[in-house]
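Student: Data file target-v1.txt (compact mmCIF, C-alpha atoms and all ligand atoms) is appended below.
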# COMPACT_ATOMS: atom_id res chain seq x y z
CA MET O 1 110.07 130.77 91.87
CA GLU O 2 108.80 129.96 95.32
CA GLY O 3 105.34 131.47 95.08
CA ALA O 4 104.17 128.98 92.47
CA GLY O 5 104.66 125.43 91.34
CA VAL O 6 103.32 122.68 89.13
CA ILE O 7 100.80 120.20 90.45
CA SER O 8 98.83 117.31 89.07
CA SER O 9 95.85 117.58 91.43
CA TRP O 10 94.70 117.92 95.00
CA ASP O 11 92.39 115.67 96.91
CA LEU O 12 91.07 114.77 100.32
CA SER O 13 92.18 111.38 101.62
CA VAL O 14 91.66 109.37 104.76
CA GLY O 15 94.18 107.06 106.36
CA VAL O 16 96.72 106.63 103.55
CA ASP O 17 98.72 109.85 103.33
CA GLY O 18 99.47 110.43 107.00
CA PRO O 19 97.38 110.47 110.17
CA GLY O 20 93.70 111.34 109.90
CA THR O 21 91.99 113.21 107.11
CA ARG O 22 94.47 114.89 104.78
CA PHE O 23 94.34 117.60 102.16
CA VAL O 24 96.84 116.12 99.71
CA VAL O 25 98.68 118.08 97.03
CA PHE O 26 100.08 115.90 94.25
CA THR O 27 103.01 117.80 92.78
CA CYS O 28 104.26 117.09 89.28
CA GLY O 29 107.61 115.76 88.18
CA CYS O 30 109.48 112.67 89.33
CA PRO O 31 112.95 111.40 88.41
CA LEU O 32 112.04 107.83 89.37
CA ARG O 33 110.11 105.36 87.26
CA CYS O 34 108.91 102.81 89.77
CA LEU O 35 107.54 99.75 88.03
CA TYR O 36 104.46 99.82 90.28
CA CYS O 37 103.89 103.59 90.22
CA GLN O 38 100.23 104.43 90.84
CA ASN O 39 100.55 108.02 89.64
CA PRO O 40 102.13 107.99 86.16
CA GLU O 41 100.21 111.18 85.34
CA THR O 42 102.55 113.01 87.75
CA TRP O 43 105.84 112.02 86.12
CA HIS O 44 106.32 115.03 83.84
CA LEU O 45 106.26 118.68 84.83
CA ARG O 46 104.89 119.50 81.37
CA ASP O 47 101.69 117.56 82.10
CA GLY O 48 100.90 119.52 85.25
CA ARG O 49 99.03 122.69 86.11
CA ARG O 50 100.82 125.79 87.31
CA VAL O 51 99.33 127.14 90.53
CA THR O 52 100.36 129.70 93.09
CA VAL O 53 100.92 128.87 96.75
CA ASP O 54 98.04 131.24 97.51
CA GLU O 55 95.68 129.19 95.31
CA VAL O 56 96.63 125.95 97.02
CA MET O 57 96.26 127.47 100.47
CA ALA O 58 92.86 128.90 99.55
CA GLU O 59 91.75 125.40 98.52
CA ALA O 60 93.17 123.86 101.71
CA ALA O 61 91.29 126.48 103.74
CA LYS O 62 87.98 125.16 102.36
CA TYR O 63 88.62 121.86 104.16
CA ARG O 64 90.02 123.43 107.30
CA ARG O 65 87.03 122.88 109.53
CA PHE O 66 86.60 119.34 108.34
CA ILE O 67 90.29 118.57 109.00
CA ASP O 68 90.07 120.15 112.44
CA VAL O 69 87.04 118.09 113.39
CA ALA O 70 88.27 114.80 111.87
CA GLY O 71 91.93 115.29 112.87
CA GLY O 72 94.53 115.35 110.10
CA GLY O 73 96.43 117.93 108.12
CA VAL O 74 98.13 118.67 104.84
CA THR O 75 100.31 116.23 102.89
CA ILE O 76 102.57 117.21 100.02
CA SER O 77 102.90 114.20 97.74
CA GLY O 78 103.61 113.56 94.10
CA GLY O 79 105.31 112.86 91.86
CA GLU O 80 108.33 113.86 93.90
CA PRO O 81 107.69 117.02 95.95
CA LEU O 82 111.40 117.70 96.41
CA LEU O 83 111.76 118.27 92.68
CA GLN O 84 110.17 121.65 93.52
CA PRO O 85 111.73 122.30 96.93
CA GLY O 86 110.91 126.03 97.05
CA PHE O 87 107.23 125.46 96.28
CA THR O 88 106.97 122.46 98.59
CA GLY O 89 108.78 124.28 101.39
CA GLU O 90 106.43 127.24 101.07
CA LEU O 91 103.34 125.02 101.19
CA LEU O 92 104.65 123.30 104.32
CA ARG O 93 105.60 126.57 105.97
CA ARG O 94 102.24 128.24 105.25
CA SER O 95 100.27 125.16 106.34
CA ARG O 96 102.16 124.91 109.58
CA ALA O 97 101.71 128.62 110.24
CA LEU O 98 97.95 127.96 110.07
CA GLY O 99 98.35 125.30 112.76
CA LEU O 100 97.87 122.39 110.38
CA HIS O 101 99.84 119.17 110.82
CA THR O 102 102.18 118.79 107.83
CA ALA O 103 103.47 115.67 106.07
CA LEU O 104 105.89 115.20 103.19
CA ASP O 105 105.57 112.06 101.08
CA THR O 106 108.87 111.43 99.31
CA SER O 107 111.14 108.78 97.82
CA GLY O 108 114.07 110.59 99.43
CA TYR O 109 116.01 110.48 96.17
CA LEU O 110 116.21 114.30 96.10
CA GLY O 111 116.54 114.61 99.86
CA ASP O 112 119.66 116.75 99.49
CA ARG O 113 117.38 119.47 98.10
CA ALA O 114 115.37 119.67 101.31
CA THR O 115 116.72 122.43 103.52
CA ASP O 116 116.77 122.01 107.29
CA GLU O 117 114.11 124.76 107.40
CA LEU O 118 111.84 122.75 105.08
CA LEU O 119 112.28 119.72 107.31
CA ALA O 120 111.62 121.78 110.42
CA ASP O 121 108.28 122.73 108.85
CA THR O 122 107.49 119.05 108.26
CA ASP O 123 105.79 117.34 111.19
CA LEU O 124 106.01 113.92 109.56
CA VAL O 125 108.02 112.46 106.70
CA LEU O 126 106.50 109.55 104.80
CA LEU O 127 109.67 108.04 103.40
CA ASP O 128 109.26 105.38 100.72
CA ILE O 129 112.20 102.99 100.77
CA LYS O 130 111.43 100.70 97.88
CA SER O 131 114.24 98.21 98.49
CA ALA O 132 117.44 98.04 100.52
CA ASP O 133 119.28 96.23 97.75
CA PRO O 134 121.03 98.72 95.43
CA VAL O 135 120.67 96.45 92.39
CA GLY O 136 117.02 95.73 93.11
CA TYR O 137 116.35 99.40 93.82
CA ARG O 138 117.77 100.45 90.49
CA ALA O 139 115.82 97.76 88.64
CA LEU O 140 112.63 98.90 90.36
CA THR O 141 113.06 102.67 90.14
CA GLY O 142 115.74 103.43 87.54
CA VAL O 143 117.86 105.39 90.06
CA ASP O 144 120.42 104.90 92.84
CA LEU O 145 119.46 103.86 96.35
CA ALA O 146 122.24 105.77 98.16
CA PRO O 147 120.56 109.24 98.25
CA THR O 148 117.46 107.77 99.92
CA LEU O 149 119.49 106.03 102.62
CA ARG O 150 121.52 109.23 103.13
CA PHE O 151 118.27 111.18 103.55
CA ALA O 152 116.91 108.60 106.00
CA ARG O 153 120.06 108.96 108.11
CA ARG O 154 119.83 112.76 108.03
CA LEU O 155 116.19 112.64 109.18
CA SER O 156 117.28 110.42 112.03
CA ASN O 157 120.07 112.80 113.02
CA LEU O 158 117.62 115.71 112.89
CA GLY O 159 115.04 113.75 114.88
CA ARG O 160 112.26 114.34 112.34
CA PRO O 161 109.35 111.95 112.92
CA THR O 162 109.20 109.50 110.04
CA TRP O 163 107.03 106.66 108.78
CA ILE O 164 108.78 104.26 106.44
CA ARG O 165 106.68 102.90 103.61
CA PHE O 166 107.54 99.75 101.73
CA VAL O 167 105.53 98.37 98.81
CA LEU O 168 105.50 94.59 98.83
CA VAL O 169 105.57 93.13 95.32
CA PRO O 170 105.65 89.34 94.97
CA GLY O 171 108.73 88.24 93.08
CA LEU O 172 110.25 91.74 93.16
CA THR O 173 110.59 93.05 96.72
CA ASP O 174 109.73 89.98 98.80
CA ARG O 175 113.09 88.21 99.12
CA VAL O 176 113.66 87.31 102.78
CA ARG O 177 117.24 88.53 102.73
CA ASP O 178 116.34 91.90 101.16
CA VAL O 179 113.50 92.56 103.61
CA ASP O 180 115.82 91.67 106.51
CA THR O 181 118.43 94.09 105.15
CA LEU O 182 115.84 96.87 104.97
CA ALA O 183 114.45 96.09 108.43
CA ALA O 184 117.98 96.05 109.88
CA PHE O 185 118.75 99.44 108.33
CA VAL O 186 115.49 100.99 109.53
CA SER O 187 116.08 99.63 113.03
CA THR O 188 119.24 101.75 113.24
CA LEU O 189 117.24 104.97 112.72
CA ARG O 190 116.12 106.80 115.85
CA ASN O 191 113.16 108.69 114.40
CA VAL O 192 110.97 106.00 112.84
CA GLU O 193 107.53 105.76 114.43
CA ARG O 194 106.24 102.96 112.23
CA VAL O 195 106.75 100.96 109.06
CA ASP O 196 103.84 100.54 106.67
CA VAL O 197 104.02 97.49 104.42
CA LEU O 198 101.76 98.36 101.51
CA PRO O 199 100.52 95.50 99.35
CA PHE O 200 101.15 95.99 95.64
CA HIS O 201 97.97 96.35 93.59
CA ARG O 202 97.04 96.99 89.98
CA MET O 203 94.44 99.71 90.39
CA ALA O 204 96.39 102.16 88.25
CA MET O 205 96.18 100.01 85.12
CA GLY O 206 93.38 102.17 83.71
CA LYS O 207 95.52 105.30 84.12
CA TYR O 208 98.35 103.66 82.18
CA ARG O 209 95.96 102.71 79.38
CA GLU O 210 94.64 106.27 79.17
CA LEU O 211 98.21 107.59 78.91
CA GLY O 212 99.01 105.05 76.18
CA LEU O 213 101.51 103.32 78.48
CA GLU O 214 101.91 99.70 79.33
CA PHE O 215 101.68 98.81 83.03
CA PRO O 216 104.93 96.88 83.56
CA LEU O 217 103.54 94.66 86.33
CA ALA O 218 100.25 93.74 84.65
CA ASP O 219 100.95 90.04 85.21
CA VAL O 220 101.94 90.32 88.88
CA SER O 221 99.32 89.44 91.48
CA PRO O 222 98.98 91.30 94.80
CA PRO O 223 100.62 89.57 97.78
CA GLY O 224 98.52 87.13 99.76
CA PRO O 225 97.95 87.42 103.54
CA GLU O 226 100.68 84.90 104.38
CA LEU O 227 103.36 86.82 102.54
CA LEU O 228 102.18 90.09 104.08
CA ASP O 229 102.29 88.51 107.53
CA ARG O 230 105.78 87.16 106.99
CA VAL O 231 107.17 90.50 105.83
CA ARG O 232 105.48 92.47 108.62
CA ARG O 233 106.86 89.96 111.10
CA GLN O 234 110.36 90.53 109.71
CA PHE O 235 110.06 94.23 110.53
CA ARG O 236 108.58 93.53 113.97
CA ASN O 237 111.40 91.09 114.70
CA MET O 238 113.74 94.05 114.39
CA GLY O 239 111.80 95.85 117.11
CA LEU O 240 109.87 98.06 114.70
CA THR O 241 106.19 98.96 114.83
CA CYS O 242 104.72 97.64 111.63
CA ALA O 243 101.21 97.82 110.14
S1 LIG M 301 108.63 107.87 93.31
FE1 LIG M 301 106.39 107.80 93.45
S2 LIG M 301 105.64 109.10 91.77
FE2 LIG M 301 107.79 108.66 91.35
S3 LIG M 301 107.72 106.89 89.99
FE3 LIG M 301 107.96 106.13 92.09
S4 LIG M 301 105.91 105.68 92.83
FE4 LIG M 301 105.72 107.01 90.99
If you took the structure in this file and wrote it as structure tokens, what would it be?

Tutor:
Amino acid sequence: MEGAGVISSWDLSVGVDGPGTRFVVFTCGCPLRCLYCQNPETWHLRDGRRVTVDEVMAEAAKYRRFIDVAGGGVTISGGEPLLQPGFTGELLRRSRALGLHTALDTSGYLGDRATDELLADTDLVLLDIKSADPVGYRALTGVDLAPTLRFARRLSNLGRPTWIRFVLVPGLTDRVRDVDTLAAFVSTLRNVERVDVLPFHRMAMGKYRELGLEFPLADVSPPGPELLDRVRRQFRNMGLTCA
């Protein structure tokens, strides 16, 4: 049903979920199980809250003036928003009709479910490519890499503006060869405005505890500045804009 969907929460964020100040909708349900996931409360549809598109839009409207003044828009995040493509598409369409900048934060794994219309209503895709190594990707997420790369290529062919996001985890995603492979792939896309290298952190450990889950990377430390510099340089060396 397209007029309603299941969400975990909504929130206002600055600087992390797209340009400017964003009204962010965290949808529920995700087929991935990333070892570093910061939102384990969004994994299962059954844990979410059913809301109508009208309810979400009414909430977004409360922040409208603030978003207009500060610059920003609406971001549909998750979980994996493309698990509920009808709901997500409707939120994007309605937001855009109001003149709000729209962003879709996705792993790309379910990219085949995004219609061209949904993508046309998306001003910016935040595409998380967690590794360019199929074996490493599966170990990190539990699923195949191929659908994400296929989606990235489709976005390029459609010319949809995209930011690539890559979480840097020492010992897991920092191998020079793997980062070079990812940077080389991204450099072949025509639509990528920037690459964000996001340092792994352990801030979600409390959430895991509350859910009775073990945080799989509890013993892994965040990357230091030198490692971050090296990886960002690897992307820049491929001619990419990297923050
Ligand atoms: S895709 Fe996102 S929500 Fe899903 S498990 Fe990975 S980090 Fe968590």

Student: So how far away is CA of Cys34 in chain O from CA of Gly79 in chain O, in Å?

Tutor: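 Pair CA of Gly79 in chain O / CA of Cys34 in chain O returns 10.9 Å.
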
Student: Could you list, as a PyMOL selection string, every residue within 7 Å of range 45-61 of chain O, counting all atoms listed in the file and ignoring same-chain residues fewer than 2 positions away?

Tutor: chain O and resi 3-8+23+28-29+43+63-64+91

Student: Using only C-alpha atoms and all ligand atoms, tabulate the residues of chain O lying at most 10 Å from any atom of ligand LIG 301 (chain M), each with its closest atom pair and that distance in Å to one decimal, by chain and increasing residue number, as JSON lines.

Tutor:
{"residue": "O:Phe26", "atom": "CA", "partner": "M:LIG301", "partner_atom": "S2", "distance": 9.1}
{"residue": "O:Thr27", "atom": "CA", "partner": "M:LIG301", "partner_atom": "S2", "distance": 9.1}
{"residue": "O:Cys28", "atom": "CA", "partner": "M:LIG301", "partner_atom": "S2", "distance": 8.5}
{"residue": "O:Gly29", "atom": "CA", "partner": "M:LIG301", "partner_atom": "FE2", "distance": 7.8}
{"residue": "O:Cys30", "atom": "CA", "partner": "M:LIG301", "partner_atom": "FE2", "distance": 4.8}
{"residue": "O:Pro31", "atom": "CA", "partner": "M:LIG301", "partner_atom": "FE2", "distance": 6.5}
{"residue": "O:Leu32", "atom": "CA", "partner": "M:LIG301", "partner_atom": "S3", "distance": 4.5}
{"residue": "O:Arg33", "atom": "CA", "partner": "M:LIG301", "partner_atom": "S3", "distance": 3.9}
{"residue": "O:Cys34", "atom": "CA", "partner": "M:LIG301", "partner_atom": "FE3", "distance": 4.2}
{"residue": "O:Leu35", "atom": "CA", "partner": "M:LIG301", "partner_atom": "S3", "distance": 7.4}
{"residue": "O:Tyr36", "atom": "CA", "partner": "M:LIG301", "partner_atom": "S4", "distance": 6.6}
{"residue": "O:Cys37", "atom": "CA", "partner": "M:LIG301", "partner_atom": "S4", "distance": 3.9}
{"residue": "O:Gln38", "atom": "CA", "partner": "M:LIG301", "partner_atom": "FE4", "distance": 6.1}
{"residue": "O:Asn39", "atom": "CA", "partner": "M:LIG301", "partner_atom": "FE4", "distance": 5.4}
{"residue": "O:Pro40", "atom": "CA", "partner": "M:LIG301", "partner_atom": "FE4", "distance": 6.1}
{"residue": "O:Glu41", "atom": "CA", "partner": "M:LIG301", "partner_atom": "S2", "distance": 8.7}
{"residue": "O:Thr42", "atom": "CA", "partner": "M:LIG301", "partner_atom": "S2", "distance": 6.4}
{"residue": "O:Trp43", "atom": "CA", "partner": "M:LIG301", "partner_atom": "S2", "distance": 6.4}
{"residue": "O:His44", "atom": "CA", "partner": "M:LIG301", "partner_atom": "S2", "distance": 9.9}
{"residue": "O:Ser77", "atom": "CA", "partner": "M:LIG301", "partner_atom": "S2", "distance": 8.3}
{"residue": "O:Gly78", "atom": "CA", "partner": "M:LIG301", "partner_atom": "S2", "distance": 5.4}
{"residue": "O:Gly79", "atom": "CA", "partner": "M:LIG301", "partner_atom": "S2", "distance": 3.8}
{"residue": "O:Glu80", "atom": "CA", "partner": "M:LIG301", "partner_atom": "FE2", "distance": 5.8}
{"residue": "O:Pro81", "atom": "CA", "partner": "M:LIG301", "partner_atom": "S2", "distance": 9.2}
{"residue": "O:Asp105", "atom": "CA", "partner": "M:LIG301", "partner_atom": "FE1", "distance": 8.8}
{"residue": "O:Thr106", "atom": "CA", "partner": "M:LIG301", "partner_atom": "S1", "distance": 7.0}
{"residue": "O:Ser107", "atom": "CA", "partner": "M:LIG301", "partner_atom": "S1", "distance": 5.2}
{"residue": "O:Gly108", "atom": "CA", "partner": "M:LIG301", "partner_atom": "S1", "distance": 8.6}
{"residue": "O:Tyr109", "atom": "CA", "partner": "M:LIG301", "partner_atom": "S1", "distance": 8.3}
{"residue": "O:Asp128", "atom": "CA", "partner": "M:LIG301", "partner_atom": "S1", "distance": 7.8}
{"residue": "O:Ile129", "atom": "CA", "partner": "M:LIG301", "partner_atom": "S1", "distance": 9.6}
{"residue": "O:Lys130", "atom": "CA", "partner": "M:LIG301", "partner_atom": "FE3", "distance": 8.7}
{"residue": "O:Leu140", "atom": "CA", "partner": "M:LIG301", "partner_atom": "FE3", "distance": 8.8}
{"residue": "O:Thr141", "atom": "CA", "partner": "M:LIG301", "partner_atom": "FE3", "distance": 6.5}
{"residue": "O:Gly142", "atom": "CA", "partner": "M:LIG301", "partner_atom": "S3", "distance": 9.1}
{"residue": "O:Val167", "atom": "CA", "partner": "M:LIG301", "partner_atom": "S4", "distance": 9.5}

Student: If we count all atoms listed in the file, what is near Asp180 in chain O at a cut-off of 12 Å, once residues fewer than 3 positions away on the same chain are taken out, given as a short mmCIF file (atom, residue, chain, number, x, y, z; two decimals) with C-alpha atoms, in the coordinates of the input?

Tutor:
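Produced file result.cif, reproduced below:
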data_model
loop_
_atom_site.label_atom_id
_atom_site.label_comp_id
_atom_site.auth_asym_id
_atom_site.auth_seq_id
_atom_site.Cartn_x
_atom_site.Cartn_y
_atom_site.Cartn_z
CA SER O 131 114.24 98.21 98.49
CA ALA O 132 117.44 98.04 100.52
CA ASP O 133 119.28 96.23 97.75
CA THR O 173 110.59 93.05 96.72
CA ASP O 174 109.73 89.98 98.80
CA ARG O 175 113.09 88.21 99.12
CA VAL O 176 113.66 87.31 102.78
CA ARG O 177 117.24 88.53 102.73
CA ALA O 183 114.45 96.09 108.43
CA ALA O 184 117.98 96.05 109.88
CA PHE O 185 118.75 99.44 108.33
CA VAL O 186 115.49 100.99 109.53
CA SER O 187 116.08 99.63 113.03
CA ARG O 230 105.78 87.16 106.99
CA VAL O 231 107.17 90.50 105.83
CA ARG O 232 105.48 92.47 108.62
CA ARG O 233 106.86 89.96 111.10
CA GLN O 234 110.36 90.53 109.71
CA PHE O 235 110.06 94.23 110.53
CA ARG O 236 108.58 93.53 113.97
CA ASN O 237 111.40 91.09 114.70
CA MET O 238 113.74 94.05 114.39
CA LEU O 240 109.87 98.06 114.70
#

Student: Using all atoms listed in the file, determine which residues lie at most 9 Å from Ser13 in chain O, disregarding the query and same-chain residues fewer than 4 positions distant; provide the list as a PyMOL selection string.

Tutor: chain O and resi 17+20-24

Student: With C-alpha atoms kept, could you save the residues just selected as an mmCIF file, in the frame of the given file?

Tutor:
data_model
loop_
_atom_site.group_PDB
_atom_site.id
_atom_site.type_symbol
_atom_site.label_atom_id
_atom_site.label_comp_id
_atom_site.auth_asym_id
_atom_site.auth_seq_id
_atom_site.Cartn_x
_atom_site.Cartn_y
_atom_site.Cartn_z
ATOM 1 C CA ASP O 17 98.720 109.850 103.330
ATOM 2 C CA GLY O 20 93.700 111.340 109.900
ATOM 3 C CA THR O 21 91.990 113.210 107.110
ATOM 4 C CA ARG O 22 94.470 114.890 104.780
ATOM 5 C CA PHE O 23 94.340 117.600 102.160
ATOM 6 C CA VAL O 24 96.840 116.120 99.710
#

Student: Which is closest to Trp10 in chain O among O:Val74, O:Met203, O:Ala146, O:Val69, if we use all atoms listed in the file?

Tutor: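 Among O:Val74, O:Met203, O:Ala146, O:Val69, it is O:Val74 that comes nearest to Trp10 in chain O.
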
Student: What is the CA of Asn191 in chain O to CA of Leu155 in chain O distance in Å?

Tutor: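 Spanning CA of Asn191 in chain O to CA of Leu155 in chain O is a straight-line distance of 7.2 Å.
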
Student: Separation of CA of Arg65 in chain O and CA of Leu98 in chain O, in Å?

Tutor: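 Separation between CA of Arg65 in chain O and CA of Leu98 in chain O: 12.1 Å.
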
Student: With distances taken over only C-alpha atoms, which residue among O:Pro199, O:Gly99, O:Pro161, O:Gly89 lies nearest Ala243 in chain O?

Tutor: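 For Ala243 in chain O, the nearest of the candidates is O:Pro199.
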
Student: Counting all atoms listed in the file, figure out which residue out of O:Thr188, O:Thr148, O:Ser221, O:Thr122 gets nearest to Gly171 in chain O.

Tutor: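 The closest residue to Gly171 in chain O is O:Ser221.
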
Student: Which residues are near Asp196 in chain O? Cut-off 7 Å, all atoms listed in the file, ignore same chain within fewer than 5 positions. Put them as a count of residues only.

Tutor: 5

Student: Can you pull out the residues contacting Glu193 in chain O? Cut-off 7 Å, using only C-alpha atoms, and skip same-chain residues under 4 positions away; I want them as JSON, numbers by chain.

Tutor: {"O": [161, 162, 163, 241]}

Student: Of the residues O:Val25, O:Leu168, O:Asp116, O:Gly72, which is the one nearest to Thr88 in chain O, using all atoms listed in the file?

Tutor: O:Val25

Student: Have a look at O:Leu118, O:Gln84, O:Arg190, O:Gly18 and name the one nearest to Ser156 in chain O; count all atoms listed in the file.

Tutor: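 Looking at the shortest contact to Ser156 in chain O, the residue is O:Arg190.
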
Student: Between O:Met205, O:Leu182, O:Leu198, O:Leu119, which residue has the minimum interatomic distance to Gly224 in chain O, considering all atoms listed in the file?

Tutor: O:Leu198

Student: What would range 172-188 of chain O look like with N, CA and C atoms in place, written as a short mmCIF file (atom, residue, chain, number, x, y, z; two decimals), keeping the file's coordinate frame?

Tutor:
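Ended up saving to rebuild_17.cif:
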data_model
loop_
_atom_site.label_atom_id
_atom_site.label_comp_id
_atom_site.auth_asym_id
_atom_site.auth_seq_id
_atom_site.Cartn_x
_atom_site.Cartn_y
_atom_site.Cartn_z
N LEU O 172 109.40 90.56 93.40
CA LEU O 172 110.25 91.74 93.16
C LEU O 172 110.88 92.28 94.45
N THR O 173 110.06 92.45 95.49
CA THR O 173 110.59 93.05 96.72
C THR O 173 110.40 92.13 97.93
N ASP O 174 110.11 90.86 97.69
CA ASP O 174 109.73 89.98 98.80
C ASP O 174 110.83 89.03 99.25
N ARG O 175 112.04 89.15 98.71
CA ARG O 175 113.09 88.21 99.12
C ARG O 175 113.40 88.40 100.61
N VAL O 176 113.45 87.27 101.32
CA VAL O 176 113.66 87.31 102.78
C VAL O 176 114.89 88.13 103.12
N ARG O 177 115.98 87.86 102.42
CA ARG O 177 117.24 88.53 102.73
C ARG O 177 117.12 90.05 102.53
N ASP O 178 116.46 90.46 101.44
CA ASP O 178 116.34 91.90 101.16
C ASP O 178 115.47 92.60 102.20
N VAL O 179 114.38 91.95 102.59
CA VAL O 179 113.50 92.56 103.61
C VAL O 179 114.26 92.67 104.94
N ASP O 180 115.02 91.62 105.27
CA ASP O 180 115.82 91.67 106.51
C ASP O 180 116.84 92.82 106.45
N THR O 181 117.45 93.00 105.30
CA THR O 181 118.43 94.09 105.15
C THR O 181 117.75 95.44 105.38
N LEU O 182 116.56 95.60 104.79
CA LEU O 182 115.84 96.87 104.97
C LEU O 182 115.44 97.05 106.44
N ALA O 183 114.89 96.00 107.02
CA ALA O 183 114.45 96.09 108.43
C ALA O 183 115.64 96.41 109.34
N ALA O 184 116.79 95.79 109.05
CA ALA O 184 117.98 96.05 109.88
C ALA O 184 118.41 97.51 109.75
N PHE O 185 118.38 98.02 108.53
CA PHE O 185 118.75 99.44 108.33
C PHE O 185 117.78 100.35 109.08
N VAL O 186 116.49 100.11 108.90
CA VAL O 186 115.49 100.99 109.53
C VAL O 186 115.61 100.93 111.04
N SER O 187 115.98 99.76 111.57
CA SER O 187 116.08 99.63 113.03
C SER O 187 117.23 100.46 113.61
N THR O 188 118.14 100.91 112.74
CA THR O 188 119.24 101.75 113.24
C THR O 188 118.85 103.23 113.28
#
